[in-house]
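**Student:** Coordinates in target-v6.cif, mmCIF, C-alpha atoms and all ligand atoms, are listed below.
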data_model
#
loop_
_atom_site.label_atom_id
_atom_site.label_comp_id
_atom_site.auth_asym_id
_atom_site.auth_seq_id
_atom_site.Cartn_x
_atom_site.Cartn_y
_atom_site.Cartn_z
CA MET B 18 27.60 10.56 -17.31
CA SER B 19 24.92 9.88 -19.91
CA SER B 20 25.95 6.59 -21.47
CA ALA B 21 26.95 3.91 -19.01
CA PRO B 22 28.40 0.44 -19.63
CA VAL B 23 25.57 -2.04 -19.30
CA PRO B 24 26.03 -4.22 -16.20
CA LYS B 25 25.86 -7.94 -16.84
CA ILE B 26 22.93 -8.40 -14.52
CA LEU B 27 20.81 -6.19 -16.78
CA LYS B 28 21.71 -8.06 -19.95
CA GLN B 29 20.88 -11.38 -18.42
CA ASN B 30 17.62 -10.27 -17.00
CA LYS B 31 14.50 -11.38 -18.76
CA PHE B 32 12.29 -8.39 -19.42
CA SER B 33 8.64 -8.76 -20.27
CA PRO B 34 8.31 -9.92 -23.90
CA LEU B 35 5.49 -7.41 -24.46
CA ALA B 36 7.64 -4.52 -23.15
CA LEU B 37 10.50 -5.61 -25.42
CA GLU B 38 8.15 -5.84 -28.38
CA ILE B 39 6.82 -2.34 -27.69
CA VAL B 40 10.34 -0.90 -27.59
CA LYS B 41 11.24 -2.69 -30.84
CA LYS B 42 8.11 -1.52 -32.66
CA LEU B 43 8.49 2.09 -31.55
CA LYS B 44 12.12 2.11 -32.65
CA LYS B 45 11.20 0.55 -35.99
CA SER B 46 8.71 3.37 -36.51
CA GLY B 47 11.55 5.85 -36.07
CA PHE B 48 10.99 6.83 -32.44
CA GLN B 49 13.27 6.60 -29.43
CA ALA B 50 12.12 4.05 -26.86
CA TYR B 51 13.53 2.82 -23.56
CA LEU B 52 12.61 0.61 -20.66
CA VAL B 53 12.65 2.91 -17.68
CA GLY B 54 11.94 3.29 -13.98
CA GLY B 55 11.24 0.45 -11.60
CA CYS B 56 11.92 -2.40 -14.03
CA VAL B 57 15.47 -1.22 -14.82
CA ARG B 58 16.17 -0.30 -11.19
CA ASP B 59 14.85 -3.59 -9.78
CA SER B 60 16.71 -5.66 -12.36
CA LEU B 61 19.96 -3.91 -11.47
CA VAL B 62 19.35 -4.51 -7.77
CA GLY B 63 18.62 -8.17 -8.51
CA ILE B 64 14.91 -8.07 -7.71
CA LYS B 65 12.31 -9.47 -10.09
CA ALA B 66 10.65 -6.47 -11.73
CA LYS B 67 6.91 -6.36 -11.12
CA ASP B 68 5.82 -4.03 -13.89
CA PHE B 69 7.40 -2.50 -16.94
CA ASP B 70 7.36 1.08 -18.09
CA VAL B 71 8.39 2.31 -21.50
CA SER B 72 9.39 5.89 -22.25
CA THR B 73 9.43 7.33 -25.76
CA ASP B 74 9.49 10.54 -27.80
CA ALA B 75 6.31 9.42 -29.60
CA THR B 76 3.21 11.33 -28.44
CA PRO B 77 0.32 9.38 -26.90
CA GLU B 78 -1.59 9.67 -30.19
CA GLU B 79 1.39 8.33 -32.16
CA VAL B 80 1.79 5.43 -29.72
CA LYS B 81 -1.90 4.63 -29.95
CA LYS B 82 -1.67 4.44 -33.76
CA ILE B 83 1.10 1.86 -33.61
CA PHE B 84 -0.53 -0.51 -31.10
CA ARG B 85 -3.98 -1.85 -31.75
CA SER B 86 -4.56 -2.97 -28.15
CA SER B 87 -3.95 0.34 -26.46
CA ARG B 88 -5.74 3.16 -24.76
CA ILE B 89 -4.81 6.73 -23.84
CA ILE B 90 -5.44 7.37 -20.15
CA GLY B 91 -4.97 10.08 -17.52
CA LYS B 92 -5.58 13.79 -17.38
CA ARG B 93 -2.95 15.11 -15.00
CA PHE B 94 -0.47 12.81 -16.65
CA ARG B 95 -1.52 11.48 -20.07
CA LEU B 96 0.01 8.18 -21.14
CA VAL B 97 -0.84 5.06 -23.10
CA HIS B 98 -1.68 1.62 -21.78
CA VAL B 99 -0.62 -1.07 -24.25
CA PHE B 100 -1.95 -4.47 -23.30
CA SER B 101 -1.95 -8.11 -24.21
CA ARG B 102 -4.29 -10.72 -22.76
CA ASN B 103 -2.43 -10.90 -19.46
CA GLU B 104 -0.16 -7.90 -19.33
CA LEU B 105 -0.32 -4.16 -19.37
CA ILE B 106 2.59 -1.85 -20.15
CA GLU B 107 2.60 1.88 -19.51
CA VAL B 108 4.07 3.89 -22.34
CA SER B 109 4.76 7.51 -21.47
CA THR B 110 5.97 10.32 -23.67
CA PHE B 111 9.11 12.22 -22.60
CA ARG B 112 8.03 15.12 -20.39
CA ALA B 113 9.57 18.59 -20.51
CA ASP B 114 11.61 19.94 -17.61
CA THR B 115 9.11 21.73 -15.42
CA SER B 116 11.63 24.19 -14.03
CA LYS B 117 12.04 25.82 -17.45
CA THR B 118 9.73 28.80 -17.65
CA ASN B 119 9.36 28.69 -21.42
CA HIS B 120 7.38 25.46 -21.00
CA SER B 121 5.12 26.80 -18.29
CA SER B 122 2.01 27.04 -20.48
CA GLY B 123 1.26 23.31 -20.26
CA ILE B 124 2.16 22.88 -16.61
CA VAL B 125 -0.43 23.84 -14.06
CA LYS B 126 0.61 24.31 -10.43
CA ASP B 127 -1.44 25.15 -7.34
CA SER B 128 -0.60 27.89 -4.83
CA GLU B 129 1.72 25.56 -2.88
CA GLY B 130 3.76 24.58 -5.92
CA LYS B 131 2.06 21.21 -6.50
CA ILE B 132 1.93 20.23 -10.15
CA LEU B 133 -1.67 19.67 -11.19
CA ARG B 134 -1.12 18.98 -14.87
CA ASP B 135 2.03 17.95 -16.63
CA ASN B 136 1.55 17.29 -20.32
CA VAL B 137 4.30 19.15 -22.13
CA TRP B 138 6.42 16.86 -24.25
CA GLY B 139 10.19 17.12 -24.10
CA THR B 140 13.47 15.34 -24.78
CA LEU B 141 15.03 12.33 -23.08
CA GLU B 142 17.29 14.61 -21.02
CA GLU B 143 14.34 16.69 -19.91
CA ASP B 144 12.29 13.63 -19.08
CA CYS B 145 15.10 12.43 -16.90
CA ILE B 146 15.14 15.61 -14.79
CA ARG B 147 11.45 15.23 -13.97
CA ARG B 148 11.86 11.80 -12.42
CA ASP B 149 12.02 11.60 -8.66
CA PHE B 150 15.21 9.73 -7.71
CA SER B 151 18.42 9.03 -9.60
CA ILE B 152 17.89 5.26 -9.37
CA ASN B 153 14.50 5.68 -11.10
CA ALA B 154 16.01 7.65 -13.97
CA LEU B 155 17.90 4.90 -15.77
CA TYR B 156 16.85 4.31 -19.38
CA PHE B 157 17.66 1.00 -20.97
CA ASP B 158 17.51 0.33 -24.69
CA PRO B 159 17.43 -3.48 -24.96
CA VAL B 160 17.72 -3.43 -28.75
CA GLU B 161 21.02 -1.58 -28.87
CA ASN B 162 21.96 -2.70 -25.36
CA HIS B 163 22.47 0.84 -24.23
CA LEU B 164 21.97 2.41 -20.79
CA CYS B 165 21.40 6.15 -20.29
CA ASP B 166 22.33 7.43 -16.85
CA PHE B 167 22.29 11.23 -16.51
CA HIS B 168 22.15 11.41 -12.71
CA ASP B 169 24.58 8.77 -11.42
CA GLY B 170 21.77 6.29 -10.83
CA LEU B 171 24.07 3.34 -11.34
CA LYS B 172 26.57 4.64 -8.78
CA HIS B 173 23.76 5.21 -6.28
CA ILE B 174 22.48 1.67 -6.83
CA GLN B 175 25.96 0.37 -6.05
CA LYS B 176 26.15 2.60 -2.97
CA LYS B 177 22.60 1.65 -2.00
CA ILE B 178 21.44 5.19 -1.51
CA LEU B 179 18.34 7.10 -2.52
CA VAL B 180 19.24 10.47 -4.01
CA SER B 181 16.80 13.08 -5.29
CA ILE B 182 17.06 14.56 -8.76
CA GLY B 183 17.24 18.27 -8.00
CA ASN B 184 16.55 19.92 -4.67
CA PRO B 185 14.23 17.59 -2.76
CA LEU B 186 12.58 20.53 -0.97
CA VAL B 187 11.36 21.81 -4.33
CA ARG B 188 10.65 18.36 -5.76
CA PHE B 189 8.53 17.37 -2.74
CA GLU B 190 6.59 20.60 -3.05
CA GLU B 191 5.83 19.79 -6.67
CA ASP B 192 4.62 16.37 -5.64
CA PRO B 193 4.44 15.57 -1.91
CA VAL B 194 3.86 11.85 -2.63
CA ARG B 195 7.58 11.64 -3.43
CA SER B 196 8.26 11.61 0.31
CA LEU B 197 6.18 8.43 0.63
CA ARG B 198 7.94 6.98 -2.38
CA ALA B 199 11.32 7.67 -0.79
CA ILE B 200 10.33 5.72 2.31
CA ARG B 201 8.82 2.90 0.26
CA PHE B 202 11.87 2.47 -1.98
CA SER B 203 14.28 2.58 0.94
CA SER B 204 12.42 -0.33 2.56
CA LYS B 205 11.96 -2.31 -0.62
CA LEU B 206 15.55 -1.98 -1.80
CA LYS B 207 17.17 -1.78 1.65
CA PHE B 208 18.73 1.55 0.62
CA LYS B 209 19.67 4.47 2.85
CA ILE B 210 17.85 7.75 2.32
CA SER B 211 20.24 10.63 1.65
CA ASN B 212 20.24 13.36 4.30
CA ASP B 213 18.71 16.09 2.15
CA VAL B 214 15.84 13.76 1.21
CA LYS B 215 15.30 12.94 4.90
CA GLU B 216 15.22 16.63 5.69
CA ALA B 217 12.72 17.26 2.87
CA ILE B 218 10.41 14.56 4.26
CA TYR B 219 10.46 16.27 7.67
CA GLN B 220 9.93 19.71 6.19
CA LYS B 221 7.45 18.97 3.42
CA GLY B 222 5.63 15.90 4.75
CA ASN B 223 2.72 18.08 5.89
CA LEU B 224 1.89 18.79 2.22
CA LEU B 225 0.58 15.24 1.98
CA GLU B 226 -2.58 16.65 3.47
CA ASN B 227 -3.41 18.17 0.08
CA ILE B 228 -3.16 14.94 -1.90
CA SER B 229 -6.44 13.42 -3.06
CA ASN B 230 -7.69 10.53 -0.97
CA ALA B 231 -7.85 8.37 -4.12
CA ARG B 232 -4.13 8.79 -4.78
CA MET B 233 -3.38 8.25 -1.09
CA PHE B 234 -5.28 4.95 -1.16
CA ASP B 235 -3.12 3.81 -4.10
CA GLU B 236 -0.02 4.72 -2.12
CA PHE B 237 -1.45 3.03 0.97
CA CYS B 238 -1.69 -0.25 -0.97
CA LYS B 239 1.82 0.08 -2.42
CA ILE B 240 3.26 0.86 1.01
CA PHE B 241 1.41 -1.74 3.05
CA LEU B 242 0.73 -4.59 0.64
CA THR B 243 4.18 -5.24 -0.79
CA LYS B 244 5.96 -7.27 1.92
CA GLU B 245 7.36 -4.26 3.79
CA ALA B 246 4.32 -3.20 5.80
CA GLN B 247 5.94 -3.29 9.23
CA ASN B 248 9.11 -1.60 8.10
CA ASN B 249 7.22 1.12 6.25
CA PHE B 250 4.77 1.69 9.09
CA ASN B 251 7.60 2.31 11.55
CA LYS B 252 9.55 4.52 9.16
CA LEU B 253 6.47 6.57 8.28
CA ASN B 254 5.84 6.99 11.97
CA SER B 255 9.35 8.16 12.73
CA PHE B 256 9.16 10.70 9.88
CA GLY B 257 5.83 11.94 11.24
CA VAL B 258 3.88 11.17 8.06
CA LEU B 259 2.00 8.04 9.10
CA LYS B 260 -0.97 10.18 10.10
CA TYR B 261 -1.64 11.04 6.44
CA LEU B 262 -2.22 7.37 5.61
CA ILE B 263 -3.96 5.93 8.64
CA ASN B 264 -6.06 7.46 11.34
CA THR B 265 -4.18 6.15 14.35
CA GLU B 266 -2.60 7.45 17.53
CA ASN B 267 1.10 7.04 18.10
CA HIS B 268 0.76 4.17 20.60
CA PRO B 269 3.56 3.60 23.11
CA GLU B 270 5.83 0.75 22.17
CA ASN B 271 4.78 -2.47 23.87
CA SER B 272 1.26 -1.25 24.63
CA PHE B 273 -1.44 -3.68 23.51
CA ASP B 274 -2.46 -1.31 20.70
CA SER B 275 1.05 -1.11 19.35
CA ARG B 276 1.69 -4.85 19.66
CA PHE B 277 -1.59 -5.61 17.93
CA GLN B 278 -0.88 -3.24 15.02
CA GLN B 279 2.62 -4.65 14.67
CA ALA B 280 1.25 -8.20 14.71
CA ALA B 281 -1.18 -7.28 11.92
CA LEU B 282 1.62 -5.72 9.85
CA VAL B 283 3.92 -8.72 10.30
CA ASN B 284 1.03 -11.02 9.45
CA THR B 285 0.42 -9.10 6.21
CA ASP B 286 4.09 -9.34 5.27
CA ASN B 287 4.25 -13.05 6.10
CA ARG B 288 1.12 -13.83 4.10
CA LEU B 289 2.57 -12.07 1.06
CA LYS B 290 5.89 -13.85 1.46
CA ALA B 291 3.99 -17.14 1.52
CA SER B 292 2.05 -16.05 -1.62
CA LYS B 293 -1.23 -15.92 0.30
CA SER B 294 -3.90 -13.35 -0.51
CA VAL B 295 -4.17 -10.09 1.39
CA THR B 296 -6.77 -7.33 1.31
CA PRO B 297 -6.38 -3.71 2.34
CA GLY B 298 -9.70 -4.15 4.21
CA PHE B 299 -8.23 -6.55 6.74
CA LEU B 300 -5.20 -4.39 7.48
CA ILE B 301 -7.30 -1.24 7.75
CA ALA B 302 -9.68 -3.04 10.15
CA ALA B 303 -6.68 -4.00 12.28
CA LEU B 304 -4.91 -0.64 12.23
CA LEU B 305 -8.12 1.15 13.19
CA TRP B 306 -9.14 -1.38 15.89
CA PRO B 307 -7.39 0.51 18.74
CA ARG B 308 -9.30 3.65 17.77
CA LEU B 309 -12.60 1.75 17.74
CA ILE B 310 -11.99 0.18 21.13
CA ASP B 311 -11.06 3.57 22.49
CA ALA B 312 -14.21 5.14 21.07
CA ALA B 313 -16.31 2.36 22.62
CA LYS B 314 -15.09 3.15 26.10
CA GLU B 315 -17.35 4.84 28.56
CA LYS B 316 -16.00 5.71 31.97
CA GLY B 317 -13.24 3.22 31.39
CA SER B 318 -15.43 0.24 30.53
CA PHE B 319 -16.63 -1.22 27.25
CA ASN B 320 -19.91 0.14 25.91
CA LEU B 321 -21.59 -1.94 23.25
CA ARG B 322 -23.77 0.81 21.83
CA LYS B 323 -20.81 3.14 21.47
CA PHE B 324 -18.86 0.33 19.79
CA PHE B 325 -21.45 -0.09 17.03
CA ARG B 326 -22.15 3.60 16.70
CA SER B 327 -18.48 4.48 16.29
CA MET B 328 -17.80 2.04 13.43
CA ASP B 329 -19.19 4.24 10.64
CA ARG B 330 -17.56 7.38 11.99
CA ILE B 331 -14.16 5.74 12.20
CA ILE B 332 -14.41 4.46 8.64
CA ARG B 333 -15.57 7.91 7.52
CA GLU B 334 -12.57 9.57 9.17
CA GLN B 335 -10.24 7.09 7.47
CA GLN B 336 -12.05 7.80 4.21
CA GLU B 337 -10.93 11.42 4.42
CA LEU B 338 -7.33 10.23 4.32
CA THR B 339 -7.54 7.33 1.88
CA ALA B 340 -10.48 6.52 -0.39
CA VAL B 341 -11.20 3.01 0.88
CA PRO B 342 -13.38 1.38 -1.81
CA ARG B 343 -17.00 0.84 -0.72
CA LYS B 344 -16.76 -2.93 -0.95
CA PHE B 345 -14.39 -2.92 2.01
CA HIS B 346 -16.63 -0.94 4.35
CA GLY B 347 -18.99 -3.84 5.04
CA TYR B 348 -16.05 -6.19 5.25
CA ILE B 349 -14.31 -4.07 7.90
CA LYS B 350 -17.49 -3.69 9.95
CA ASP B 351 -18.16 -7.44 9.73
CA ILE B 352 -14.70 -8.25 11.06
CA TRP B 353 -15.21 -5.82 13.93
CA SER B 354 -18.71 -6.99 14.88
CA LEU B 355 -17.74 -10.62 14.60
CA GLN B 356 -15.12 -10.08 17.29
CA LEU B 357 -17.96 -9.71 19.74
CA LYS B 358 -19.91 -12.65 18.33
CA LEU B 359 -16.84 -14.85 18.51
CA GLU B 360 -16.71 -13.94 22.15
CA THR B 361 -20.35 -14.57 23.12
CA ARG B 362 -20.79 -18.09 21.69
CA LEU B 363 -24.40 -18.37 22.86
CA GLY B 364 -26.92 -21.06 21.82
CA HIS B 365 -26.69 -21.97 18.13
CA GLN B 366 -24.63 -18.91 17.29
CA PRO B 367 -21.24 -20.68 17.13
CA TYR B 368 -22.53 -23.04 14.41
CA LYS B 369 -23.91 -20.13 12.40
CA ILE B 370 -20.73 -18.14 12.73
CA LEU B 371 -18.71 -20.98 11.24
CA ASN B 372 -20.69 -20.47 8.01
CA HIS B 373 -20.45 -16.69 8.04
CA PRO B 374 -18.67 -15.52 4.85
CA ARG B 375 -16.32 -13.42 6.99
CA PHE B 376 -15.66 -16.06 9.62
CA ARG B 377 -12.17 -16.79 8.36
CA ALA B 378 -11.10 -13.15 8.37
CA ALA B 379 -12.64 -12.51 11.78
CA TYR B 380 -11.00 -15.63 13.20
CA ASP B 381 -7.59 -14.58 11.83
CA PHE B 382 -8.17 -11.17 13.39
CA LEU B 383 -8.98 -12.79 16.73
CA LEU B 384 -5.79 -14.84 16.56
CA LEU B 385 -3.81 -11.65 16.06
CA ARG B 386 -5.47 -10.12 19.12
CA GLU B 387 -4.60 -13.20 21.07
CA GLU B 388 -1.02 -13.11 19.85
CA ALA B 389 -0.61 -9.46 20.78
CA ALA B 390 -2.10 -9.62 24.25
CA ASN B 391 -4.01 -11.93 26.46
CA ASP B 392 -7.25 -9.95 26.49
CA THR B 393 -9.04 -12.70 24.60
CA GLN B 394 -9.09 -15.31 27.38
CA GLY B 395 -7.96 -18.06 25.05
CA MET B 396 -10.85 -17.53 22.65
CA GLY B 397 -8.65 -17.92 19.60
CA GLU B 398 -7.54 -21.31 20.81
CA TRP B 399 -11.14 -22.20 21.64
CA TRP B 400 -12.23 -21.45 18.06
CA THR B 401 -9.30 -23.32 16.59
CA LYS B 402 -10.41 -26.42 18.47
CA PHE B 403 -14.14 -25.89 17.84
CA GLN B 404 -13.59 -25.89 14.07
CA ARG B 405 -11.66 -29.13 14.10
CA ILE B 406 -13.87 -31.41 16.17
CA ASN B 407 -17.08 -33.30 15.33
CA ARG B 408 -20.62 -32.38 16.32
CA PRO B 409 -20.86 -34.26 19.67
CA ALA B 410 -17.53 -32.82 20.76
CA LYS B 411 -18.73 -29.35 19.75
CA ILE B 412 -21.85 -29.79 21.93
CA GLU B 413 -19.60 -30.79 24.81
CA MET B 414 -17.37 -27.74 24.35
CA LEU B 415 -20.37 -25.43 24.42
CA LYS B 416 -21.69 -27.14 27.54
CA ILE B 417 -18.36 -26.66 29.32
CA LEU B 418 -18.37 -23.02 28.30
CA ARG B 419 -21.95 -22.52 29.58
CA ASP B 420 -21.12 -24.12 32.92
CA SER B 421 -17.96 -22.06 33.33
CA ARG B 422 -19.95 -18.89 32.90
CA SER B 423 -22.23 -19.28 35.90
CA GLY B 424 -20.84 -17.21 38.70
CA PRO B 425 -18.48 -14.28 38.58
CA VAL B 426 -17.28 -14.81 35.00
CA GLU B 427 -20.76 -13.87 33.76
CA LYS B 428 -20.16 -10.34 34.94
CA LYS B 429 -17.08 -9.99 32.83
CA PHE B 430 -19.15 -10.64 29.74
CA GLY B 431 -21.78 -8.14 30.74
CA PHE B 432 -22.63 -7.24 27.17
CA LEU B 433 -23.54 -10.84 26.23
CA GLU B 434 -27.24 -10.50 26.71
CA GLU B 435 -27.48 -7.38 24.63
CA LEU B 436 -25.70 -9.08 21.78
CA SER B 437 -27.69 -12.30 21.57
P1 LIG Q 1 7.33 0.40 -8.42
O1 LIG Q 1 6.61 0.09 -9.70
O2 LIG Q 1 8.17 -0.65 -7.87
O3 LIG Q 1 6.44 1.02 -7.41
P2 LIG Q 1 8.48 2.49 -10.00
O4 LIG Q 1 9.73 3.28 -9.81
O5 LIG Q 1 8.35 1.73 -11.26
O6 LIG Q 1 8.37 1.56 -8.74
P3 LIG Q 1 6.10 3.79 -10.80
O7 LIG Q 1 5.09 4.48 -9.96
O8 LIG Q 1 5.70 2.59 -11.56
O9 LIG Q 1 7.30 3.47 -9.82
O10 LIG Q 1 6.69 4.89 -11.78
C1 LIG Q 1 7.58 4.60 -12.84
C2 LIG Q 1 8.64 5.68 -12.94
O11 LIG Q 1 8.03 6.95 -13.15
C3 LIG Q 1 9.47 5.87 -11.68
O12 LIG Q 1 10.57 4.99 -11.65
C4 LIG Q 1 9.91 7.30 -11.80
O13 LIG Q 1 10.98 7.43 -12.70
C5 LIG Q 1 8.70 7.96 -12.42
N1 LIG Q 1 7.79 8.48 -11.39
C6 LIG Q 1 6.71 7.87 -10.87
N2 LIG Q 1 6.09 8.61 -9.97
C7 LIG Q 1 6.79 9.75 -9.90
C8 LIG Q 1 6.65 10.95 -9.15
N3 LIG Q 1 5.66 11.09 -8.27
N4 LIG Q 1 7.55 11.92 -9.36
C9 LIG Q 1 8.56 11.78 -10.24
N5 LIG Q 1 8.75 10.69 -10.96
C10 LIG Q 1 7.88 9.68 -10.81
MG MG Q 2 6.64 0.68 -11.96
#
As a first step, turn the structure in this file into structure tokens.
**Tutor:**
Amino acid sequence: MSSAPVPKILKQNKFSPLALEIVKKLKKSGFQAYLVGGCVRDSLVGIKAKDFDVSTDATPEEVKKIFRSSRIIGKRFRLVHVFSRNELIEVSTFRADTSKTNHSSGIVKDSEGKILRDNVWGTLEEDCIRRDFSINALYFDPVENHLCDFHDGLKHIQKKILVSIGNPLVRFEEDPVRSLRAIRFSSKLKFKISNDVKEAIYQKGNLLENISNARMFDEFCKIFLTKEAQNNFNKLNSFGVLKYLINTENHPENSFDSRFQQAALVNTDNRLKASKSVTPGFLIAALLWPRLIDAAKEKGSFNLRKFFRSMDRIIREQQELTAVPRKFHGYIKDIWSLQLKLETRLGHQPYKILNHPRFRAAYDFLLLREEAANDTQGMGEWWTKFQRINRPAKIEMLKILRDSRSGPVEKKFGFLEELS
């Protein structure tokens, strides 16, 4: 079915005024133009759309001519960014169907079938075939109130199921990131994944190895920083593709490592739900913490030198998977090293730590460790109290701590002297 009755929910929805203006202007200039992708899908599901994409038969150059505030971007996939002061809309030109050989001149694939460049313009129908899932291939014309649905997207939204356009084995070869997108959409929308898509994730997931670390970092953020971190983490793990996003072992359920990672994921989701800020740096620091602790072990006990020496290597190994921006490297290492400083609490150090720019993050991290397992000896609680009380009470707390450390406890904190 190509032309579907427009569901009420879509009519009522308030689309971005800039996106609507772009569609109107393109149509006025004689082009076809539709709202497409996530914004139509999310509106139909009843979720507030987060960004708006426009699809048109105007070429990037023609789009650029119409909108003064716009810029052509991309090489693999050329499109136009049209922006206002506080919004940016992606306008893409209809792409040709890549399976048609007569178009092959503009499509460049690698030896494994991955599409490297995709800049051959086509028709609306052809553009539709290139999209990943039926629910992402709904085109809405808000001017004429018209919905194009060539692949039963509307039916699949009603049935809450993710269905591939074309054979998913081939589609995931063309672009292996589609397997991550399938998992992400199923969590976000609470949709089932159709069986052939599941099978394609199992069979083609290993191709994720060939995706650039820059693109994988973008996906990492979309997967883990959009309120579904825990859900996605567990699904990725069960499909065997988690290892392409984060350098972690598959820890046994209920082990400290697993409980700590889960606590960090839940914490990320809860912060986002409460509209608090999150950074990929914090989550990466947490997800890699078990690996760091493991690397710092020597003959079963903690070795301080190995701990510090392993930090750079572990970040480097993660870097091979996802291009973690440089600014986060120092942040991650600070959080890790501060875990030890939060533990030592010697002399004037506790006062200094309170003013450390990363204190808050390191303290939150410590609380997560404490929540996941009792290997922190109540340190999280100690710091919670220490922050709240006045100077004389702080002195008293430090005195009590000093006194408690004479005797056998001192041994437990064997690395204290080295640290101070
Ligand atoms: P969200 O913005 O919520 O992540 P989205 O569906 O809008 O979801 P985008 O990455 O913004 O995702 O892409 C917009 C549209 O472009 C998608 O709905 C889909 O139709 C198409 N698309 C994006 N990435 C791919 C891909 N890798 N393969 C095929 N089609 C894609
Ligand atoms: Mg989008």
**Student:** Choose the residue, out of B:Val258, B:Val71, B:Ala21, B:Leu61, that has the smallest atom-to-atom separation from ligand LIG 1 (chain Q); count only C-alpha atoms and all ligand atoms.
**Tutor:**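 The shortest atom-to-atom distance to ligand LIG 1 (chain Q) comes from B:Val71.
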**Student:** Mind giving me the straight-line distance from CA of Leu186 in chain B to CA of Leu96 in chain B in Å, one decimal?
**Tutor:**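 Answer for the CA of Leu186 in chain B to CA of Leu96 in chain B separation: 26.8 Å.
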**Student:** What is the CA of Lys42 in chain B-CA of Ile83 in chain B distance in Å, reported with one decimal?
**Tutor:**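 CA of Ile83 in chain B lies at a distance of 7.8 Å from CA of Lys42 in chain B.
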**Student:** Leaving out Phe256 in chain B and any residue of its chain fewer than 3 positions from it, which residues lie within 8 Å of it when counting only C-alpha atoms, given as a PyMOL selection string?
**Tutor:** chain B and resi 218-219+252-253+259
**Student:** Pick out the residues no farther than 12 Å from ligand MG 2 (chain Q), counting all atoms listed in the file, and list them as a list in words.
**Tutor:**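 Based on all atoms listed in the file, ligand MG 2 (chain Q) is surrounded within 12 Å by Leu52, Val53, Gly54, Gly55, Cys56, Val57, Arg58, Asp59, Ser60, Lys65, Ala66, Lys67, Asp68, Phe69, Asp70, Val71, Ser72, Leu105, Ile106, Glu107, Val108, Ser109, Asn153, Ala154, Arg198, Phe202 and Lys239 of chain B.
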**Student:** At most 9 Å from (-1.8, 2.0, -25.6), file frame, only C-alpha atoms: which residues, as an mmCIF file with C-alpha atoms, in the coordinates of the input?
**Tutor:**
data_model
loop_
_atom_site.group_PDB
_atom_site.id
_atom_site.type_symbol
_atom_site.label_atom_id
_atom_site.label_comp_id
_atom_site.auth_asym_id
_atom_site.auth_seq_id
_atom_site.Cartn_x
_atom_site.Cartn_y
_atom_site.Cartn_z
ATOM 1 C CA PRO B 77 0.320 9.380 -26.900
ATOM 2 C CA GLU B 78 -1.590 9.670 -30.190
ATOM 3 C CA VAL B 80 1.790 5.430 -29.720
ATOM 4 C CA LYS B 81 -1.900 4.630 -29.950
ATOM 5 C CA LYS B 82 -1.670 4.440 -33.760
ATOM 6 C CA ILE B 83 1.100 1.860 -33.610
ATOM 7 C CA PHE B 84 -0.530 -0.510 -31.100
ATOM 8 C CA ARG B 85 -3.980 -1.850 -31.750
ATOM 9 C CA SER B 86 -4.560 -2.970 -28.150
ATOM 10 C CA SER B 87 -3.950 0.340 -26.460
ATOM 11 C CA ARG B 88 -5.740 3.160 -24.760
ATOM 12 C CA ILE B 89 -4.810 6.730 -23.840
ATOM 13 C CA ILE B 90 -5.440 7.370 -20.150
ATOM 14 C CA LEU B 96 0.010 8.180 -21.140
ATOM 15 C CA VAL B 97 -0.840 5.060 -23.100
ATOM 16 C CA HIS B 98 -1.680 1.620 -21.780
ATOM 17 C CA VAL B 99 -0.620 -1.070 -24.250
ATOM 18 C CA PHE B 100 -1.950 -4.470 -23.300
ATOM 19 C CA LEU B 105 -0.320 -4.160 -19.370
ATOM 20 C CA ILE B 106 2.590 -1.850 -20.150
ATOM 21 C CA GLU B 107 2.600 1.880 -19.510
ATOM 22 C CA VAL B 108 4.070 3.890 -22.340
#
**Student:** Can you pull out every residue within 12 Å of Pro374 in chain B, counting all atoms listed in the file, but drop anything in the same chain fewer than 3 positions away, and send it as an mmCIF file with C-alpha atoms, in the frame of the given file?
**Tutor:**
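To be explicit, this is the file written out as out-v2.cif:
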data_model
loop_
_atom_site.group_PDB
_atom_site.id
_atom_site.type_symbol
_atom_site.label_atom_id
_atom_site.label_comp_id
_atom_site.auth_asym_id
_atom_site.auth_seq_id
_atom_site.Cartn_x
_atom_site.Cartn_y
_atom_site.Cartn_z
ATOM 1 C CA GLY B 347 -18.990 -3.840 5.040
ATOM 2 C CA TYR B 348 -16.050 -6.190 5.250
ATOM 3 C CA ASP B 351 -18.160 -7.440 9.730
ATOM 4 C CA ILE B 352 -14.700 -8.250 11.060
ATOM 5 C CA LEU B 355 -17.740 -10.620 14.600
ATOM 6 C CA LYS B 369 -23.910 -20.130 12.400
ATOM 7 C CA ILE B 370 -20.730 -18.140 12.730
ATOM 8 C CA LEU B 371 -18.710 -20.980 11.240
ATOM 9 C CA ARG B 377 -12.170 -16.790 8.360
ATOM 10 C CA ALA B 378 -11.100 -13.150 8.370
ATOM 11 C CA ALA B 379 -12.640 -12.510 11.780
ATOM 12 C CA TYR B 380 -11.000 -15.630 13.200
#
**Student:** Could you pull the residues within 10 Å of Phe345 in chain B, counting all atoms listed in the file, minus those fewer than 2 positions along the same chain, as a short mmCIF file (atom, residue, chain, number, x, y, z; two decimals) with C-alpha atoms, in the coordinates of the input?
**Tutor:**
data_model
loop_
_atom_site.label_atom_id
_atom_site.label_comp_id
_atom_site.auth_asym_id
_atom_site.auth_seq_id
_atom_site.Cartn_x
_atom_site.Cartn_y
_atom_site.Cartn_z
CA THR B 296 -6.77 -7.33 1.31
CA PRO B 297 -6.38 -3.71 2.34
CA GLY B 298 -9.70 -4.15 4.21
CA PHE B 299 -8.23 -6.55 6.74
CA ILE B 301 -7.30 -1.24 7.75
CA ALA B 302 -9.68 -3.04 10.15
CA ILE B 332 -14.41 4.46 8.64
CA VAL B 341 -11.20 3.01 0.88
CA PRO B 342 -13.38 1.38 -1.81
CA ARG B 343 -17.00 0.84 -0.72
CA GLY B 347 -18.99 -3.84 5.04
CA TYR B 348 -16.05 -6.19 5.25
CA ILE B 349 -14.31 -4.07 7.90
CA LYS B 350 -17.49 -3.69 9.95
CA ASP B 351 -18.16 -7.44 9.73
#
